[in-house]
>>> print(open('target_26.csv').read())   # CSV, C-alpha atoms and all ligand atoms
chain,number,residue,atom,x,y,z
A,1,MET,CA,151.3,17.0,39.2
A,2,SER,CA,153.2,15.1,41.9
A,3,GLY,CA,152.4,15.4,45.6
A,4,GLN,CA,155.4,17.8,45.9
A,5,THR,CA,154.1,20.4,43.5
A,6,PRO,CA,152.0,23.2,44.9
A,7,LYS,CA,148.4,23.8,44.3
A,8,CYS,CA,149.0,26.3,41.6
A,9,VAL,CA,146.9,27.5,38.7
A,10,ILE,CA,148.3,29.7,36.0
A,11,ARG,CA,145.8,32.1,34.7
A,12,ALA,CA,145.8,34.7,32.0
A,13,GLN,CA,145.0,38.3,32.9
A,14,GLY,CA,141.4,39.3,33.1
A,15,GLU,CA,140.0,35.9,34.1
A,16,ASP,CA,137.8,35.4,37.1
A,17,PHE,CA,137.7,38.8,38.9
A,18,GLN,CA,136.6,38.4,42.5
A,19,SER,CA,133.5,40.2,43.5
A,20,LYS,CA,133.6,39.8,47.3
A,21,ARG,CA,132.9,43.1,49.0
A,22,ARG,CA,135.9,44.1,51.1
A,23,CYS,CA,136.6,46.9,53.5
A,24,THR,CA,139.6,49.1,52.5
A,25,ARG,CA,139.4,52.0,54.9
A,26,THR,CA,142.7,52.9,56.3
A,27,VAL,CA,145.4,52.4,53.7
A,28,ILE,CA,149.1,52.5,54.6
A,29,VAL,CA,152.1,52.0,52.5
A,30,THR,CA,155.0,50.4,54.4
A,31,PHE,CA,158.4,50.1,52.9
A,32,LEU,CA,160.3,46.8,53.5
A,33,GLY,CA,163.2,47.6,51.2
A,34,THR,CA,164.3,50.8,49.6
A,35,GLY,CA,167.7,50.2,48.0
A,36,SER,CA,168.6,49.3,44.5
A,37,GLY,CA,170.8,46.4,43.3
A,38,ALA,CA,172.2,44.9,46.5
A,39,PRO,CA,171.3,45.2,50.2
A,40,THR,CA,173.3,47.5,52.4
A,41,THR,CA,173.3,47.8,56.2
A,42,LYS,CA,170.8,50.6,55.9
A,43,ARG,CA,168.5,49.4,53.1
A,44,ASN,CA,167.2,46.1,51.9
A,45,VAL,CA,166.3,45.6,48.3
A,46,SER,CA,162.8,46.3,46.9
A,47,GLY,CA,159.6,45.3,48.7
A,48,ILE,CA,156.6,47.6,49.5
A,49,GLY,CA,153.6,46.6,51.5
A,50,LEU,CA,150.2,48.1,50.9
A,51,ARG,CA,148.1,47.6,54.0
A,52,PHE,CA,144.3,47.6,54.3
A,53,LEU,CA,144.0,47.9,58.0
A,54,GLN,CA,140.3,47.2,58.7
A,55,ALA,CA,140.3,44.3,56.3
A,56,GLY,CA,143.2,42.7,58.0
A,57,LYS,CA,145.0,42.1,54.8
A,58,TRP,CA,147.9,43.5,52.8
A,59,TRP,CA,149.5,43.3,49.4
A,60,LEU,CA,153.2,43.2,48.5
A,61,PHE,CA,154.8,45.0,45.6
A,62,ASP,CA,158.1,43.3,44.6
A,63,CYS,CA,159.9,40.8,46.8
A,64,GLY,CA,163.7,41.3,46.8
A,65,GLU,CA,165.9,38.9,48.8
A,66,GLY,CA,165.4,39.2,52.5
A,67,THR,CA,161.9,40.6,52.3
A,68,GLN,CA,160.7,37.9,54.7
A,69,HIS,CA,163.4,38.9,57.2
A,70,GLN,CA,162.2,42.5,57.0
A,71,LEU,CA,158.7,41.3,57.6
A,72,LEU,CA,159.7,39.9,61.0
A,73,ARG,CA,160.4,43.5,62.0
A,74,ALA,CA,157.4,45.1,60.3
A,75,PRO,CA,153.7,45.4,61.5
A,76,MET,CA,152.4,43.0,58.8
A,77,LYS,CA,151.8,39.3,59.2
A,78,ILE,CA,152.9,36.9,56.5
A,79,SER,CA,149.6,35.0,57.0
A,80,GLN,CA,147.6,38.1,56.1
A,81,LEU,CA,149.5,38.6,52.8
A,82,GLU,CA,146.8,38.3,50.1
A,83,LYS,CA,148.5,39.4,46.8
A,84,ILE,CA,152.0,39.9,45.5
A,85,PHE,CA,152.6,42.1,42.5
A,86,ILE,CA,156.0,41.8,40.8
A,87,THR,CA,157.1,44.7,38.6
A,88,HIS,CA,159.9,42.9,36.7
A,89,LEU,CA,162.2,40.0,37.0
A,90,HIS,CA,165.4,41.6,38.1
A,91,GLY,CA,166.8,39.9,41.2
A,92,ASP,CA,166.5,42.8,43.5
A,93,HIS,CA,162.8,42.6,43.0
A,94,LEU,CA,162.3,38.9,42.9
A,95,TYR,CA,164.9,36.8,44.7
A,96,GLY,CA,163.0,36.8,48.0
A,97,LEU,CA,159.8,35.4,46.5
A,98,ILE,CA,160.3,31.6,46.8
A,99,GLY,CA,161.5,31.8,50.4
A,100,LEU,CA,158.6,34.0,51.4
A,101,LEU,CA,156.1,31.7,49.7
A,102,ALA,CA,157.6,28.8,51.6
A,103,SER,CA,157.6,30.5,54.9
A,104,ARG,CA,154.0,31.6,54.4
A,105,SER,CA,153.1,27.9,54.2
A,106,LEU,CA,154.6,27.3,57.6
A,107,ARG,CA,152.9,30.2,59.3
A,108,ASN,CA,149.5,30.2,57.6
A,109,GLY,CA,147.1,28.2,59.8
A,110,GLU,CA,144.0,28.9,57.7
A,111,ALA,CA,145.7,28.2,54.4
A,112,SER,CA,144.2,31.3,52.8
A,113,PRO,CA,144.9,31.6,49.0
A,114,LEU,CA,147.5,33.8,47.6
A,115,ASP,CA,147.6,35.5,44.2
A,116,LEU,CA,150.8,36.3,42.5
A,117,TYR,CA,150.9,38.8,39.6
A,118,GLY,CA,153.8,39.6,37.3
A,119,PRO,CA,155.3,39.8,33.9
A,120,PRO,CA,155.7,36.9,31.4
A,121,GLY,CA,158.4,34.6,32.6
A,122,LEU,CA,157.4,34.7,36.2
A,123,ASP,CA,155.5,31.4,35.8
A,124,ARG,CA,158.5,29.8,34.2
A,125,TYR,CA,160.8,31.1,36.9
A,126,PHE,CA,158.4,29.7,39.6
A,127,ARG,CA,158.1,26.3,37.9
A,128,ALA,CA,161.8,25.9,37.3
A,129,ILE,CA,162.6,26.4,41.0
A,130,MET,CA,159.8,24.1,42.0
A,131,GLU,CA,161.1,21.4,39.7
A,132,THR,CA,164.6,21.6,41.2
A,133,SER,CA,163.9,22.6,44.7
A,134,PRO,CA,160.3,21.6,45.4
A,135,VAL,CA,158.3,23.3,48.2
A,136,HIS,CA,155.0,22.0,49.3
A,137,LEU,CA,152.7,25.0,49.7
A,138,HIS,CA,149.8,24.4,52.0
A,139,TYR,CA,147.6,27.0,50.3
A,140,PRO,CA,146.3,27.6,46.8
A,141,LEU,CA,148.6,29.8,44.8
A,142,GLN,CA,147.5,31.4,41.5
A,143,ILE,CA,149.9,33.0,39.2
A,144,HIS,CA,148.5,35.7,36.9
A,145,ILE,CA,150.7,36.8,34.0
A,146,VAL,CA,149.9,40.5,33.5
A,147,SER,CA,149.8,42.6,30.4
A,148,GLU,CA,148.8,46.2,30.0
A,149,GLY,CA,145.3,46.9,31.5
A,150,VAL,CA,143.3,45.9,34.5
A,151,VAL,CA,144.9,43.0,36.3
A,152,TYR,CA,142.5,42.8,39.3
A,153,GLU,CA,139.2,44.2,40.2
A,154,ASP,CA,136.7,43.8,43.0
A,155,GLU,CA,133.8,46.0,44.2
A,156,GLU,CA,136.1,48.4,45.9
A,157,VAL,CA,139.4,48.4,44.1
A,158,VAL,CA,140.9,48.3,40.6
A,159,VAL,CA,144.5,47.4,39.9
A,160,THR,CA,145.8,48.5,36.5
A,161,CYS,CA,149.3,48.1,35.1
A,162,ARG,CA,151.2,49.8,32.3
A,163,PRO,CA,154.5,48.8,30.7
A,164,ALA,CA,157.3,51.1,32.1
A,165,ARG,CA,160.7,51.7,30.4
A,166,HIS,CA,163.5,49.6,31.8
A,167,ARG,CA,166.2,47.2,30.6
A,168,VAL,CA,163.8,44.3,30.8
A,169,MET,CA,160.0,44.2,30.6
A,170,SER,CA,158.7,46.1,33.6
A,171,PHE,CA,155.3,47.1,34.8
A,172,ALA,CA,154.1,50.0,36.9
A,173,TYR,CA,150.9,49.3,38.9
A,174,SER,CA,148.1,51.6,40.1
A,175,VAL,CA,145.7,50.7,42.9
A,176,GLU,CA,142.6,52.8,42.7
A,177,GLU,CA,139.6,52.7,45.0
A,178,LYS,CA,136.2,53.0,43.4
A,179,GLU,CA,134.1,56.0,44.3
A,180,LYS,CA,132.0,55.4,47.4
A,181,PRO,CA,128.3,56.4,47.0
A,182,GLY,CA,127.2,59.2,49.3
A,183,ALA,CA,125.5,58.4,52.6
A,184,PHE,CA,121.7,58.3,52.8
A,185,GLN,CA,120.3,61.2,54.9
A,186,VAL,CA,117.8,59.3,56.9
A,187,GLU,CA,117.0,62.2,59.2
A,188,LYS,CA,115.9,64.3,56.3
A,189,ALA,CA,113.6,61.6,55.0
A,190,ARG,CA,112.1,61.1,58.5
A,191,ALA,CA,111.6,64.9,58.9
A,192,LEU,CA,109.5,64.9,55.8
A,193,GLY,CA,107.4,62.0,57.1
A,194,VAL,CA,108.7,59.5,54.5
A,195,PRO,CA,107.6,56.0,55.6
A,196,SER,CA,110.6,53.7,56.1
A,197,GLY,CA,110.9,50.5,54.1
A,198,PRO,CA,111.3,50.1,50.3
A,199,ILE,CA,110.9,53.8,49.7
A,200,TYR,CA,114.1,54.5,51.7
A,201,GLY,CA,115.8,52.0,49.4
A,202,ALA,CA,114.6,53.8,46.3
A,203,LEU,CA,115.7,57.2,47.6
A,204,LYS,CA,119.0,55.8,48.6
A,205,ARG,CA,119.5,54.6,45.0
A,206,GLY,CA,118.8,58.2,43.9
A,207,GLU,CA,115.4,57.3,42.3
A,208,GLN,CA,112.3,59.4,42.1
A,209,VAL,CA,109.5,58.1,44.3
A,210,VAL,CA,105.8,59.0,44.7
A,211,LEU,CA,104.7,58.9,48.3
A,212,PRO,CA,101.2,57.5,49.3
A,213,ASP,CA,100.0,61.1,49.8
A,214,GLY,CA,101.0,62.1,46.3
A,215,ARG,CA,104.2,64.0,47.0
A,216,VAL,CA,107.0,63.3,44.6
A,217,LEU,CA,110.6,63.1,46.0
A,218,ASP,CA,113.9,63.0,44.2
A,219,GLY,CA,116.3,60.5,45.8
A,220,ARG,CA,119.3,62.7,44.7
A,221,ASP,CA,118.2,65.2,47.3
A,222,PHE,CA,118.6,62.6,50.1
A,223,VAL,CA,122.1,61.2,49.2
A,224,GLY,CA,125.3,62.9,50.2
A,225,GLU,CA,128.1,63.5,47.7
A,226,ALA,CA,130.0,60.5,46.5
A,227,GLN,CA,133.4,60.0,48.1
A,228,PRO,CA,136.3,59.8,45.6
A,229,GLY,CA,138.6,56.8,46.1
A,230,ARG,CA,142.3,56.9,46.7
A,231,LYS,CA,144.8,56.2,44.0
A,232,ILE,CA,148.3,54.9,44.7
A,233,VAL,CA,150.8,54.2,41.9
A,234,PHE,CA,154.0,52.2,42.1
A,235,SER,CA,156.5,52.9,39.3
A,236,GLY,CA,158.8,49.9,39.7
A,237,ASP,CA,162.1,50.4,37.9
A,238,THR,CA,161.8,52.8,35.0
A,239,GLU,CA,163.2,55.7,33.1
A,240,PRO,CA,160.8,58.6,33.0
A,241,CYS,CA,158.1,57.6,30.5
A,242,GLN,CA,154.7,58.5,29.2
A,243,ALA,CA,153.0,55.3,30.4
A,244,VAL,CA,153.9,56.0,34.0
A,245,LEU,CA,153.0,59.6,33.6
A,246,GLN,CA,149.6,58.6,32.4
A,247,LEU,CA,149.1,55.9,35.0
A,248,ALA,CA,150.0,58.4,37.8
A,249,GLN,CA,147.5,61.1,36.7
A,250,GLY,CA,145.9,62.6,39.8
A,251,ALA,CA,147.3,59.9,42.2
A,252,ASP,CA,147.1,60.6,45.9
A,253,LEU,CA,150.5,59.0,46.2
A,254,LEU,CA,153.1,58.2,43.6
A,255,VAL,CA,155.8,55.8,44.8
A,256,HIS,CA,158.5,56.4,42.2
A,257,GLU,CA,162.0,55.1,41.9
A,258,ALA,CA,164.9,57.6,42.1
A,259,THR,CA,167.9,55.5,41.8
A,260,TYR,CA,170.2,58.4,40.9
A,261,SER,CA,170.8,62.1,41.3
A,262,GLN,CA,170.6,64.3,38.2
A,263,GLN,CA,174.4,64.6,38.4
A,264,ASP,CA,174.6,60.9,37.7
A,265,LYS,CA,172.2,61.1,34.8
A,266,ASP,CA,174.6,59.1,32.6
A,267,LEU,CA,174.3,56.1,35.0
A,268,ALA,CA,170.6,56.4,35.1
A,269,VAL,CA,170.4,56.3,31.3
A,270,ARG,CA,172.8,53.4,31.1
A,271,SER,CA,170.8,51.3,33.6
A,272,GLY,CA,167.3,52.3,32.7
A,273,HIS,CA,166.5,54.3,35.8
A,274,SER,CA,165.2,57.7,36.8
A,275,THR,CA,166.9,60.5,38.7
A,276,ALA,CA,165.2,62.3,41.7
A,277,GLN,CA,164.7,65.3,39.5
A,278,GLU,CA,163.0,63.3,36.8
A,279,ALA,CA,160.7,61.6,39.2
A,280,ALA,CA,159.7,65.0,40.7
A,281,GLN,CA,159.0,66.4,37.2
A,282,LEU,CA,156.8,63.4,36.4
A,283,ALA,CA,155.0,63.8,39.7
A,284,ARG,CA,154.4,67.5,39.0
A,285,ASP,CA,153.3,66.8,35.4
A,286,ALA,CA,150.9,64.0,36.5
A,287,GLY,CA,149.3,66.3,39.1
A,288,VAL,CA,149.8,63.8,41.9
A,289,LYS,CA,149.2,64.9,45.5
A,290,SER,CA,152.3,63.4,47.1
A,291,LEU,CA,155.5,61.7,45.9
A,292,CYS,CA,157.6,59.2,47.8
A,293,LEU,CA,160.9,58.2,46.3
A,294,THR,CA,162.6,54.8,46.7
A,295,HIS,CA,165.1,52.4,45.1
A,296,PHE,CA,168.2,54.4,45.9
A,297,SER,CA,171.7,53.7,44.7
A,298,PRO,CA,174.0,53.1,47.8
A,299,ARG,CA,176.4,55.8,46.5
A,300,TYR,CA,174.5,58.5,48.4
A,301,GLU,CA,174.3,56.7,51.7
A,302,ASP,CA,177.5,58.2,53.3
A,303,GLU,CA,176.2,61.1,55.4
A,304,GLU,CA,179.6,62.8,55.1
A,305,GLY,CA,179.8,62.2,51.3
A,306,GLU,CA,179.9,64.7,48.6
A,307,PHE,CA,176.3,64.2,47.7
A,308,THR,CA,173.9,62.8,50.3
A,309,MET,CA,170.4,61.6,50.6
A,310,GLU,CA,169.5,65.0,51.9
A,311,ASP,CA,170.8,66.5,48.7
A,312,LEU,CA,168.7,64.0,46.7
A,313,LEU,CA,165.6,65.0,48.6
A,314,ALA,CA,166.4,68.7,47.9
A,315,GLU,CA,166.8,68.0,44.2
A,316,ALA,CA,163.3,66.5,44.1
A,317,GLN,CA,161.7,69.1,46.4
A,318,ALA,CA,163.0,71.9,44.3
A,319,ILE,CA,160.5,70.7,41.6
A,320,PHE,CA,157.9,68.9,43.7
A,321,PRO,CA,157.8,70.1,47.3
A,322,ASN,CA,155.5,67.4,48.6
A,323,THR,CA,158.2,64.7,48.2
A,324,THR,CA,159.5,62.3,50.9
A,325,LEU,CA,162.3,59.7,50.7
A,326,ALA,CA,161.4,56.2,51.7
A,327,GLU,CA,163.4,54.3,54.3
A,328,ASP,CA,163.1,50.7,55.3
A,329,PHE,CA,160.1,50.3,57.7
A,330,TYR,CA,158.8,53.8,56.8
A,331,SER,CA,155.0,53.9,56.9
A,332,LEU,CA,153.0,56.4,54.9
A,333,PRO,CA,149.2,56.6,55.5
A,334,VAL,CA,147.3,57.5,52.3
A,335,LYS,CA,144.7,60.1,53.0
A,336,ARG,CA,141.3,60.3,51.4
A,337,GLU,CA,139.8,63.6,50.3
A,338,ARG,CA,136.4,63.6,51.8
A,339,LYS,CA,133.7,65.6,50.2
A,340,THR,CA,131.0,67.0,52.5
A,341,MET,CA,127.5,68.3,51.6
A,342,GLY,CA,128.7,71.9,51.8
A,343,GLY,CA,131.2,71.1,49.1
A,344,ASN,CA,134.2,71.4,51.5
A,345,GLU,CA,136.9,68.9,51.3
A,346,GLU,CA,138.7,67.5,54.3
A,347,ALA,CA,141.5,65.0,54.4
A,348,CYS,CA,141.0,61.9,56.5
A,349,TYR,CA,142.6,58.5,56.9
A,350,ASN,CA,139.4,56.6,57.3
A,351,GLY,CA,137.0,55.7,54.6
B,401,ZN,ZN,165.8,47.4,40.9
B,402,ZN,ZN,165.5,46.5,37.5
>>> encode(input="target_26.csv", output="structure tokens", more="lines below")
Ligand SMILES: [Zn+2]
Ligand SMILES: [Zn+2]
Amino acid sequence: MSGQTPKCVIRAQGEDFQSKRRCTRTVIVTFLGTGSGAPTTKRNVSGIGLRFLQAGKWWLFDCGEGTQHQLLRAPMKISQLEKIFITHLHGDHLYGLIGLLASRSLRNGEASPLDLYGPPGLDRYFRAIMETSPVHLHYPLQIHIVSEGVVYEDEEVVVTCRPARHRVMSFAYSVEEKEKPGAFQVEKARALGVPSGPIYGALKRGEQVVLPDGRVLDGRDFVGEAQPGRKIVFSGDTEPCQAVLQLAQGADLLVHEATYSQQDKDLAVRSGHSTAQEAAQLARDAGVKSLCLTHFSPRYEDEEGEFTMEDLLAEAQAIFPNTTLAEDFYSLPVKRERKTMGGNEEACYNG
């Protein structure tokens, strides 16, 4: 490699999972671009941020042209961008990538590494541009070519992808937090006169212990209920399909494309996209908790028009009431269902 080429390693999927423990408490989805095809004055092309607030990091799903301009007006910093997931290689999801990578180099004092995930061909695309218009990246970049299955995993989160159904190879991604073990009830142990130290550790792990005075305690009685993790699914561009339906099962938030209205179903079929009604049906069938639609055709933007964005929302809500429409810079916190000892569930933003 010449001095002009970036520090880039191409890796196959599944290699080298990182195991560093990270905090992922408040999770917010922030839309940077919500239009399909070409930008308009109201909507940029695709780009969705997934922010892990306490960890001071965020991930980007797709990177249409102008994504870095949108970032200048969004609450995320380019230097804290840790991973980019590309769903497919259509321009409205990809053409902002190289510019954003280059700008990150100028703004990233610590030169923290960046991981880029996407379908086969993303590596060739990147190399072809670097050969003809080289950029010196001041940080290590790893490109991971994905295929169906787990594409990233650490102690807290698993990212899985499934092939969607579009005109070109396209992947839907799910980001799923792992279950958090229940809290150790130290007061209960103290009240029973359990000596602190290694016995606490054993109880915390749910083990059975014998105290010095002969009493036998079951650790499971001292640990609160495990807290389920959140699940967020990004459909990318797709017709309604089984793979996305399965991937979205039980998700807390499904971000699904709804390029067209059902009245333009013929256009959706021709271009490999979904209608708002179809996205809502899929959300309902997958048992998701909330649905956010994005990737809209500009044809519904005219507020005085025959069919408006409001109508598009109504079309989806008729089938799945808990639906919202994304807008550029719209932020959506993803709540966690918290299980308490009494078996009640409450929703909260924090882990
Ligand atoms: Zn698209
Ligand atoms: Zn596409």
>>> closest_atom_pairs(input="target_26.csv", of="chain A", to="ligand ZN 401 (chain B)", cutoff="7 Å", atoms="only C-alpha atoms and all ligand atoms", output="JSON lines")
{"residue": "A:Ser36", "atom": "CA", "partner": "B:ZN401", "partner_atom": "ZN", "distance": 4.9}
{"residue": "A:Gly37", "atom": "CA", "partner": "B:ZN401", "partner_atom": "ZN", "distance": 5.6}
{"residue": "A:Ser46", "atom": "CA", "partner": "B:ZN401", "partner_atom": "ZN", "distance": 6.8}
{"residue": "A:His90", "atom": "CA", "partner": "B:ZN401", "partner_atom": "ZN", "distance": 6.5}
{"residue": "A:Asp92", "atom": "CA", "partner": "B:ZN401", "partner_atom": "ZN", "distance": 5.3}
{"residue": "A:His93", "atom": "CA", "partner": "B:ZN401", "partner_atom": "ZN", "distance": 6.0}
{"residue": "A:Asp237", "atom": "CA", "partner": "B:ZN401", "partner_atom": "ZN", "distance": 5.6}
{"residue": "A:His295", "atom": "CA", "partner": "B:ZN401", "partner_atom": "ZN", "distance": 6.6}
>>> closest_atom_pairs(input="target_26.csv", of="chain A", to="ligand ZN 402 (chain B)", cutoff="12 Å", atoms="all atoms listed in the file", output="Markdown table")
| residue | atom | partner | partner_atom | distance |
| --- | --- | --- | --- | --- |
| A:Gly35 | CA | B:ZN402 | ZN | 11.3 |
| A:Ser36 | CA | B:ZN402 | ZN | 8.2 |
| A:Gly37 | CA | B:ZN402 | ZN | 7.9 |
| A:Ala38 | CA | B:ZN402 | ZN | 11.3 |
| A:Val45 | CA | B:ZN402 | ZN | 10.9 |
| A:Ser46 | CA | B:ZN402 | ZN | 9.8 |
| A:Asp62 | CA | B:ZN402 | ZN | 10.7 |
| A:Gly64 | CA | B:ZN402 | ZN | 10.8 |
| A:Ile86 | CA | B:ZN402 | ZN | 11.1 |
| A:Thr87 | CA | B:ZN402 | ZN | 8.7 |
| A:His88 | CA | B:ZN402 | ZN | 6.7 |
| A:Leu89 | CA | B:ZN402 | ZN | 7.3 |
| A:His90 | CA | B:ZN402 | ZN | 4.9 |
| A:Gly91 | CA | B:ZN402 | ZN | 7.7 |
| A:Asp92 | CA | B:ZN402 | ZN | 7.1 |
| A:His93 | CA | B:ZN402 | ZN | 7.3 |
| A:Leu94 | CA | B:ZN402 | ZN | 9.9 |
| A:Ala164 | CA | B:ZN402 | ZN | 10.8 |
| A:Arg165 | CA | B:ZN402 | ZN | 10.0 |
| A:His166 | CA | B:ZN402 | ZN | 6.8 |
| A:Arg167 | CA | B:ZN402 | ZN | 7.0 |
| A:Val168 | CA | B:ZN402 | ZN | 7.3 |
| A:Met169 | CA | B:ZN402 | ZN | 9.1 |
| A:Ser170 | CA | B:ZN402 | ZN | 7.8 |
| A:Phe171 | CA | B:ZN402 | ZN | 10.6 |
| A:Ala172 | CA | B:ZN402 | ZN | 11.9 |
| A:Ser235 | CA | B:ZN402 | ZN | 11.2 |
| A:Gly236 | CA | B:ZN402 | ZN | 7.8 |
| A:Asp237 | CA | B:ZN402 | ZN | 5.2 |
| A:Thr238 | CA | B:ZN402 | ZN | 7.7 |
| A:Glu239 | CA | B:ZN402 | ZN | 10.5 |
| A:Glu257 | CA | B:ZN402 | ZN | 10.3 |
| A:Thr259 | CA | B:ZN402 | ZN | 10.3 |
| A:Ala268 | CA | B:ZN402 | ZN | 11.4 |
| A:Arg270 | CA | B:ZN402 | ZN | 11.9 |
| A:Ser271 | CA | B:ZN402 | ZN | 8.1 |
| A:Gly272 | CA | B:ZN402 | ZN | 7.7 |
| A:His273 | CA | B:ZN402 | ZN | 8.0 |
| A:Ser274 | CA | B:ZN402 | ZN | 11.2 |
| A:His295 | CA | B:ZN402 | ZN | 9.6 |
| A:Phe296 | CA | B:ZN402 | ZN | 11.8 |
| A:Ser297 | CA | B:ZN402 | ZN | 11.9 |
>>> residues_around(input="target_26.csv", residues="Val288 of chain A", least_positions_apart="5", cutoff="8 Å", atoms="all atoms listed in the file", output="PyMOL selection string")
chain A and resi 248-254+283
>>> closest_residue(input="target_26.csv", among="A:Asp302, A:Glu278, A:Asp221, A:Glu176", to="Phe234 of chain A", atoms="only C-alpha atoms")
A:Glu176
>>> residues_around(input="target_26.csv", residues="Leu247 of chain A", least_positions_apart="2", cutoff="9 Å", atoms="all atoms listed in the file", output="list in words")
Thr160, Cys161, Arg162, Ala172, Tyr173, Ser174, Val233, Gln242, Ala243, Val244, Leu245, Gln249, Gly250, Ala251 and Ala286 of chain A
>>> residues_near_point(input="target_26.csv", point="(157.4, 56.4, 55.7)", cutoff="10 Å", atoms="all atoms listed in the file", output="list in words")
Ile28, Val29, Thr30, Phe31, Cys292, Thr324, Leu325, Ala326, Glu327, Asp328, Phe329, Tyr330, Ser331, Leu332 and Pro333 of chain A
>>> residues_around(input="target_26.csv", residues="segment 186-195 of chain A", least_positions_apart="3", cutoff="8 Å", atoms="all atoms listed in the file", output="list in words")
Ile199, Tyr200, Leu211 and Phe222 of chain A
>>> residues_around(input="target_26.csv", residues="Ala111 of chain A", least_positions_apart="6", cutoff="10 Å", atoms="all atoms listed in the file", output="CSV table (one decimal) with C-alpha atoms, keeping the file's coordinate frame")
chain,number,residue,atom,x,y,z
A,79,SER,CA,149.6,35.0,57.0
A,104,ARG,CA,154.0,31.6,54.4
A,105,SER,CA,153.1,27.9,54.2
A,137,LEU,CA,152.7,25.0,49.7
A,138,HIS,CA,149.8,24.4,52.0
A,139,TYR,CA,147.6,27.0,50.3
A,140,PRO,CA,146.3,27.6,46.8
>>> closest_residue(input="target_26.csv", among="A:Ala55, A:Ile48, A:Leu217, A:Met309", to="Ser261 of chain A", atoms="only C-alpha atoms")
A:Met309
>>> residues_around(input="target_26.csv", residues="Ala279 of chain A", least_positions_apart="2", cutoff="9 Å", atoms="all atoms listed in the file", output="list in words")
Glu239, Pro240, His256, Glu257, Ala258, Ser274, Thr275, Ala276, Gln277, Gln281, Leu282, Ala283, Arg284, Leu291, Leu293 and Ala316 of chain A
>>> write_last_selection(input="target_26.csv", atoms="C-alpha atoms", output="compact mmCIF listing (two decimals), in the frame of the given file")
# COMPACT_ATOMS: atom_id res chain seq x y z
CA GLU A 239 163.20 55.70 33.10
CA PRO A 240 160.80 58.60 33.00
CA HIS A 256 158.50 56.40 42.20
CA GLU A 257 162.00 55.10 41.90
CA ALA A 258 164.90 57.60 42.10
CA SER A 274 165.20 57.70 36.80
CA THR A 275 166.90 60.50 38.70
CA ALA A 276 165.20 62.30 41.70
CA GLN A 277 164.70 65.30 39.50
CA GLN A 281 159.00 66.40 37.20
CA LEU A 282 156.80 63.40 36.40
CA ALA A 283 155.00 63.80 39.70
CA ARG A 284 154.40 67.50 39.00
CA LEU A 291 155.50 61.70 45.90
CA LEU A 293 160.90 58.20 46.30
CA ALA A 316 163.30 66.50 44.10
>>> closest_residue(input="target_26.csv", among="A:Met76, A:Pro298, A:Ala202, A:Ala102", to="Lys42 of chain A", atoms="only C-alpha atoms")
A:Pro298
>>> atom_distance(input="target_26.csv", atom1="atom CA of Lys178 of chain A", atom2="atom CA of Val159 of chain A")
10.6 Å
